[in-house]
file start18.pdb (PDB, C-alpha atoms)
ATOM      1  CA  GLY A   4     165.694  74.132 -85.773  1.00  0.00           C
ATOM      2  CA  TYR A   5     163.693  71.368 -87.468  1.00  0.00           C
ATOM      3  CA  LEU A   6     160.518  72.131 -85.482  1.00  0.00           C
ATOM      4  CA  LYS A   7     160.716  75.817 -86.382  1.00  0.00           C
ATOM      5  CA  LYS A   8     161.236  74.892 -90.038  1.00  0.00           C
ATOM      6  CA  LEU A   9     158.186  72.615 -89.980  1.00  0.00           C
ATOM      7  CA  GLN A  10     156.182  75.289 -88.157  1.00  0.00           C
ATOM      8  CA  LEU A  11     156.992  77.840 -90.870  1.00  0.00           C
ATOM      9  CA  LEU A  12     156.365  75.316 -93.648  1.00  0.00           C
ATOM     10  CA  LEU A  13     152.931  74.387 -92.265  1.00  0.00           C
ATOM     11  CA  SER A  14     151.940  78.009 -91.781  1.00  0.00           C
ATOM     12  CA  ASP A  15     152.295  78.348 -95.574  1.00  0.00           C
ATOM     13  CA  ARG A  16     149.071  76.583 -96.570  1.00  0.00           C
ATOM     14  CA  SER A  17     150.165  76.382-100.202  1.00  0.00           C
ATOM     15  CA  SER A  18     153.066  74.031 -99.343  1.00  0.00           C
ATOM     16  CA  GLY A  19     150.802  70.959 -99.332  1.00  0.00           C
ATOM     17  CA  VAL A  20     152.949  69.300 -96.660  1.00  0.00           C
ATOM     18  CA  ALA A  21     150.223  68.754 -94.048  1.00  0.00           C
ATOM     19  CA  PRO A  22     147.583  67.234 -96.368  1.00  0.00           C
ATOM     20  CA  ALA A  23     150.095  64.727 -97.752  1.00  0.00           C
ATOM     21  CA  ALA A  24     151.269  63.664 -94.291  1.00  0.00           C
ATOM     22  CA  LEU A  25     147.708  63.250 -92.981  1.00  0.00           C
ATOM     23  CA  LYS A  26     146.239  61.388 -95.948  1.00  0.00           C
ATOM     24  CA  GLY A  27     143.984  58.638 -94.629  1.00  0.00           C
ATOM     25  CA  PHE A  28     143.569  60.135 -91.154  1.00  0.00           C
ATOM     26  CA  ASP A  29     140.401  61.867 -89.983  1.00  0.00           C
ATOM     27  CA  SER A  30     141.558  62.737 -86.456  1.00  0.00           C
ATOM     28  CA  ILE A  31     144.769  63.178 -84.500  1.00  0.00           C
ATOM     29  CA  VAL A  32     145.420  63.195 -80.730  1.00  0.00           C
ATOM     30  CA  LEU A  33     148.154  65.162 -78.981  1.00  0.00           C
ATOM     31  CA  ASP A  34     148.672  63.475 -75.614  1.00  0.00           C
ATOM     32  CA  GLU A  35     150.601  65.173 -72.780  1.00  0.00           C
ATOM     33  CA  ALA A  36     150.082  68.489 -74.577  1.00  0.00           C
ATOM     34  CA  GLN A  37     151.127  70.407 -71.445  1.00  0.00           C
ATOM     35  CA  ASP A  38     154.714  69.355 -72.227  1.00  0.00           C
ATOM     36  CA  CYS A  39     154.709  70.785 -75.768  1.00  0.00           C
ATOM     37  CA  SER A  40     156.556  73.941 -76.728  1.00  0.00           C
ATOM     38  CA  ASP A  41     154.728  76.792 -78.449  1.00  0.00           C
ATOM     39  CA  ALA A  42     156.204  75.676 -81.793  1.00  0.00           C
ATOM     40  CA  MET A  43     154.843  72.148 -81.308  1.00  0.00           C
ATOM     41  CA  LEU A  44     151.394  73.508 -80.464  1.00  0.00           C
ATOM     42  CA  ASP A  45     151.460  75.804 -83.521  1.00  0.00           C
ATOM     43  CA  ILE A  46     152.328  72.826 -85.737  1.00  0.00           C
ATOM     44  CA  PHE A  47     149.431  70.828 -84.295  1.00  0.00           C
ATOM     45  CA  CYS A  48     147.005  73.750 -84.662  1.00  0.00           C
ATOM     46  CA  CYS A  49     148.044  74.333 -88.302  1.00  0.00           C
ATOM     47  CA  LEU A  50     146.976  70.841 -89.351  1.00  0.00           C
ATOM     48  CA  GLN A  51     143.940  71.156 -91.597  1.00  0.00           C
ATOM     49  CA  GLY A  52     141.277  68.633 -92.560  1.00  0.00           C
ATOM     50  CA  VAL A  53     141.453  66.546 -89.369  1.00  0.00           C
ATOM     51  CA  ALA A  54     139.756  66.675 -85.996  1.00  0.00           C
ATOM     52  CA  LYS A  55     142.297  67.607 -83.325  1.00  0.00           C
ATOM     53  CA  VAL A  56     142.206  66.444 -79.711  1.00  0.00           C
ATOM     54  CA  PHE A  57     144.437  67.858 -76.978  1.00  0.00           C
ATOM     55  CA  ALA A  58     144.876  65.649 -73.908  1.00  0.00           C
ATOM     56  CA  TYR A  59     146.599  67.469 -71.060  1.00  0.00           C
ATOM     57  CA  ASP A  60     146.767  68.307 -67.382  1.00  0.00           C
ATOM     58  CA  ILE A  61     148.093  71.801 -66.656  1.00  0.00           C
ATOM     59  CA  HIS A  62     149.094  70.635 -63.177  1.00  0.00           C
ATOM     60  CA  GLN A  63     151.619  68.214 -64.679  1.00  0.00           C
ATOM     61  CA  ASN A  64     153.749  70.644 -66.687  1.00  0.00           C
ATOM     62  CA  ILE A  65     157.237  69.276 -65.971  1.00  0.00           C
ATOM     63  CA  SER A  66     159.085  70.315 -69.128  1.00  0.00           C
ATOM     64  CA  GLN A  67     160.444  73.750 -68.199  1.00  0.00           C
ATOM     65  CA  PHE A  68     163.926  72.437 -68.995  1.00  0.00           C
ATOM     66  CA  ARG A  69     162.847  72.083 -72.644  1.00  0.00           C
ATOM     67  CA  GLY A  70     161.547  75.620 -72.917  1.00  0.00           C
ATOM     68  CA  VAL A  71     157.941  74.916 -71.960  1.00  0.00           C
ATOM     69  CA  ALA A  72     157.665  77.738 -69.447  1.00  0.00           C
ATOM     70  CA  SER A  73     153.884  77.877 -69.181  1.00  0.00           C
ATOM     71  CA  THR A  74     150.690  76.392 -70.519  1.00  0.00           C
ATOM     72  CA  ALA A  75     149.251  79.813 -71.472  1.00  0.00           C
ATOM     73  CA  LYS A  76     149.269  79.091 -75.216  1.00  0.00           C
ATOM     74  CA  LEU A  77     147.577  75.747 -74.695  1.00  0.00           C
ATOM     75  CA  GLN A  78     144.946  77.283 -72.433  1.00  0.00           C
ATOM     76  CA  SER A  79     144.258  80.102 -74.908  1.00  0.00           C
ATOM     77  CA  THR A  80     143.564  77.680 -77.779  1.00  0.00           C
ATOM     78  CA  THR A  81     139.959  77.794 -79.003  1.00  0.00           C
ATOM     79  CA  VAL A  82     138.104  74.745 -77.708  1.00  0.00           C
ATOM     80  CA  THR A  83     134.826  73.437 -79.105  1.00  0.00           C
ATOM     81  CA  HIS A  84     134.383  70.531 -76.637  1.00  0.00           C
ATOM     82  CA  GLN A  85     135.992  69.974 -73.269  1.00  0.00           C
ATOM     83  CA  ARG A  86     135.876  66.866 -71.098  1.00  0.00           C
ATOM     84  CA  ARG A  87     137.455  66.172 -67.742  1.00  0.00           C
ATOM     85  CA  LEU A  88     138.781  62.822 -66.654  1.00  0.00           C
ATOM     86  CA  PRO A  89     136.655  61.854 -63.668  1.00  0.00           C
ATOM     87  CA  GLN A  90     139.154  59.650 -61.867  1.00  0.00           C
ATOM     88  CA  SER A  91     142.736  58.432 -61.809  1.00  0.00           C
ATOM     89  CA  GLN A  92     143.478  54.749 -62.269  1.00  0.00           C
ATOM     90  CA  ARG A  93     146.999  55.144 -60.860  1.00  0.00           C
ATOM     91  CA  PHE A  94     146.297  55.517 -57.141  1.00  0.00           C
ATOM     92  CA  GLY A  95     143.677  55.151 -54.429  1.00  0.00           C
ATOM     93  CA  PRO A  96     141.521  57.690 -52.595  1.00  0.00           C
ATOM     94  CA  GLU A  97     144.162  58.445 -49.930  1.00  0.00           C
ATOM     95  CA  ILE A  98     146.567  60.005 -52.431  1.00  0.00           C
ATOM     96  CA  ALA A  99     143.671  61.624 -54.313  1.00  0.00           C
ATOM     97  CA  LYS A 100     142.643  63.521 -51.171  1.00  0.00           C
ATOM     98  CA  LEU A 101     146.233  64.640 -50.583  1.00  0.00           C
ATOM     99  CA  LEU A 102     146.579  65.862 -54.188  1.00  0.00           C
ATOM    100  CA  THR A 103     143.249  67.710 -53.993  1.00  0.00           C
ATOM    101  CA  LYS A 104     144.390  69.512 -50.845  1.00  0.00           C
ATOM    102  CA  PHE A 105     147.789  70.332 -52.398  1.00  0.00           C
ATOM    103  CA  ILE A 106     146.249  71.813 -55.566  1.00  0.00           C
ATOM    104  CA  ARG A 107     143.708  73.861 -53.607  1.00  0.00           C
ATOM    105  CA  ILE A 108     146.460  75.319 -51.399  1.00  0.00           C
ATOM    106  CA  HIS A 109     148.931  76.082 -54.184  1.00  0.00           C
ATOM    107  CA  LYS A 110     146.439  77.090 -56.882  1.00  0.00           C
ATOM    108  CA  PRO A 111     143.812  79.102 -54.981  1.00  0.00           C
ATOM    109  CA  ASN A 112     141.762  79.789 -58.123  1.00  0.00           C
ATOM    110  CA  ASN A 113     140.980  76.029 -58.301  1.00  0.00           C
ATOM    111  CA  THR A 114     138.760  75.725 -55.218  1.00  0.00           C
ATOM    112  CA  LYS A 115     136.427  73.266 -56.988  1.00  0.00           C
ATOM    113  CA  PHE A 116     139.307  71.108 -58.232  1.00  0.00           C
ATOM    114  CA  GLU A 117     139.066  67.521 -57.000  1.00  0.00           C
ATOM    115  CA  VAL A 118     141.164  64.453 -57.713  1.00  0.00           C
ATOM    116  CA  LYS A 119     139.392  61.115 -57.400  1.00  0.00           C
ATOM    117  CA  GLY A 120     141.300  57.902 -56.859  1.00  0.00           C
ATOM    118  CA  ASP A 121     140.457  54.319 -57.717  1.00  0.00           C
ATOM    119  CA  GLU A 122     138.496  52.895 -54.747  1.00  0.00           C
ATOM    120  CA  GLY A 123     139.959  49.458 -55.507  1.00  0.00           C
ATOM    121  CA  LYS A 124     143.571  50.599 -55.061  1.00  0.00           C
ATOM    122  CA  HIS A 125     145.172  50.789 -51.664  1.00  0.00           C
ATOM    123  CA  THR A 126     148.021  53.278 -51.611  1.00  0.00           C
ATOM    124  CA  LYS A 127     150.187  54.403 -48.738  1.00  0.00           C
ATOM    125  CA  ILE A 128     151.295  57.901 -47.878  1.00  0.00           C
ATOM    126  CA  CYS A 129     154.448  58.483 -45.906  1.00  0.00           C
ATOM    127  CA  GLN A 130     155.893  61.722 -44.643  1.00  0.00           C
ATOM    128  CA  VAL A 131     159.602  62.305 -45.168  1.00  0.00           C
ATOM    129  CA  SER A 132     161.720  65.336 -44.566  1.00  0.00           C
ATOM    130  CA  HIS A 133     164.309  64.628 -47.275  1.00  0.00           C
ATOM    131  CA  VAL A 134     164.354  62.936 -50.655  1.00  0.00           C
ATOM    132  CA  GLU A 135     167.224  60.737 -49.455  1.00  0.00           C
ATOM    133  CA  ASP A 136     165.021  59.409 -46.622  1.00  0.00           C
ATOM    134  CA  ALA A 137     162.259  58.548 -49.085  1.00  0.00           C
ATOM    135  CA  LEU A 138     164.676  56.666 -51.326  1.00  0.00           C
ATOM    136  CA  LYS A 139     166.151  54.729 -48.406  1.00  0.00           C
ATOM    137  CA  GLN A 140     162.660  53.782 -47.259  1.00  0.00           C
ATOM    138  CA  ALA A 141     161.591  52.729 -50.760  1.00  0.00           C
ATOM    139  CA  LEU A 142     164.705  50.598 -51.250  1.00  0.00           C
ATOM    140  CA  ALA A 143     164.637  48.976 -47.799  1.00  0.00           C
ATOM    141  CA  PRO A 144     164.655  45.134 -47.777  1.00  0.00           C
ATOM    142  CA  GLY A 145     161.162  43.650 -47.941  1.00  0.00           C
ATOM    143  CA  ASN A 146     159.644  46.681 -49.595  1.00  0.00           C
ATOM    144  CA  ASN A 147     159.069  45.069 -53.016  1.00  0.00           C
ATOM    145  CA  ALA A 148     161.757  47.302 -54.538  1.00  0.00           C
ATOM    146  CA  GLU A 149     163.264  44.272 -56.247  1.00  0.00           C
ATOM    147  CA  ASN A 150     160.221  43.926 -58.531  1.00  0.00           C
ATOM    148  CA  GLY A 151     160.273  47.630 -59.423  1.00  0.00           C
ATOM    149  CA  HIS A 152     157.278  48.566 -57.266  1.00  0.00           C
ATOM    150  CA  PRO A 153     158.452  50.025 -53.944  1.00  0.00           C
ATOM    151  CA  GLN A 154     155.705  50.962 -51.498  1.00  0.00           C
ATOM    152  CA  LEU A 155     155.839  54.589 -50.407  1.00  0.00           C
TER
END
call {"tool": "encode", "arguments": {"input": "start18.pdb", "output": "structure tokens"}}
result
Amino acid sequence: GYLKKLQLLLSDRSSGVAPAALKGFDSIVLDEAQDCSDAMLDIFCCLQGVAKVFAYDIHQNISQFRGVASTAKLQSTTVTHQRRLPQSQRFGPEIAKLLTKFIRIHKPNNTKFEVKGDEGKHTKICQVSHVEDALKQALAPGNNAENGHPQL
């Protein structure tokens, strides 16, 4: 309820709520915007007098359980500048190639989509038939699981 109330309050430009809350700021960033509900996006879009930046990856929408069923509203937002992140710092080229292939198979309209990995990172790919097998492998003795970084 509180998000809806704020959404309605901000849509009334005469309320003065947004300018008071943003005093002293000239820009605002909404990171992981693909996980925002429509109400959250409306609130962000209603903010006046500041530059707004959306940071998101539509392929990482994992918040369906919170009512974020699609990224259609985010994708339909008017954009004046768009930049793509050229490379991931989280994994190496092996996983990047696998992710590129996966996206191209499951999202056929993204044939030019390419994930680039960090050339300095060595990452392993293993094939498992069940989640339980992957967990057993990750937690096996000598697999660095004790320091929180199992090798998969």
call {"tool": "resolve_selection", "arguments": {"input": "start18.pdb", "expression": "the PyMOL selection byres ((chain A and resi 53) around 6)", "output": "MDAnalysis selection string"}}
result
chainID A and resid 29:30 51:52 54
call {"tool": "closest_residue", "arguments": {"input": "start18.pdb", "among": "A:Ala24, A:Ile61, A:Leu11, A:Leu101", "to": "Met43 (chain A)", "atoms": "all atoms listed in the file"}}
result
A:Leu11
call {"tool": "resolve_selection", "arguments": {"input": "start18.pdb", "expression": "the PyMOL selection byres ((chain A and resi 112-120) around 7)", "output": "list of chain:residue names"}}
result
A:Pro89, A:Gln90, A:Ser91, A:Gln92, A:Phe94, A:Gly95, A:Pro96, A:Ala99, A:Lys100, A:Leu102, A:Thr103, A:Arg107, A:Lys110, A:Pro111, A:Asp121, A:Glu122
call {"tool": "closest_residue", "arguments": {"input": "start18.pdb", "among": "A:Thr126, A:Ser14, A:Thr74, A:Gln63", "to": "Cys48 (chain A)", "atoms": "only C-alpha atoms"}}
result
A:Ser14
call {"tool": "atom_distance", "arguments": {"input": "start18.pdb", "atom1": "CA of Ala36 (chain A)", "atom2": "CA of Phe105 (chain A)"}}
result
22.4 Å
call {"tool": "atom_distance", "arguments": {"input": "start18.pdb", "atom1": "CA of Arg87 (chain A)", "atom2": "CA of Asn64 (chain A)"}}
result
16.9 Å
call {"tool": "atom_distance", "arguments": {"input": "start18.pdb", "atom1": "CA of Lys7 (chain A)", "atom2": "CA of Leu25 (chain A)"}}
result
19.3 Å
call {"tool": "residues_around", "arguments": {"input": "start18.pdb", "residues": "Ile46 (chain A)", "least_positions_apart": "6", "cutoff": "8 Å", "atoms": "all atoms listed in the file", "output": "list in words"}}
result
Leu9, Gln10, Leu13 and Ser14 of chain A
call {"tool": "closest_residue", "arguments": {"input": "start18.pdb", "among": "A:Ala75, A:Ala23, A:Leu12, A:Leu142", "to": "Ser40 (chain A)", "atoms": "only C-alpha atoms"}}
result
A:Ala75
call {"tool": "closest_residue", "arguments": {"input": "start18.pdb", "among": "A:Ala143, A:Ala42, A:Leu88, A:Val82", "to": "Lys55 (chain A)", "atoms": "all atoms listed in the file"}}
result
A:Val82
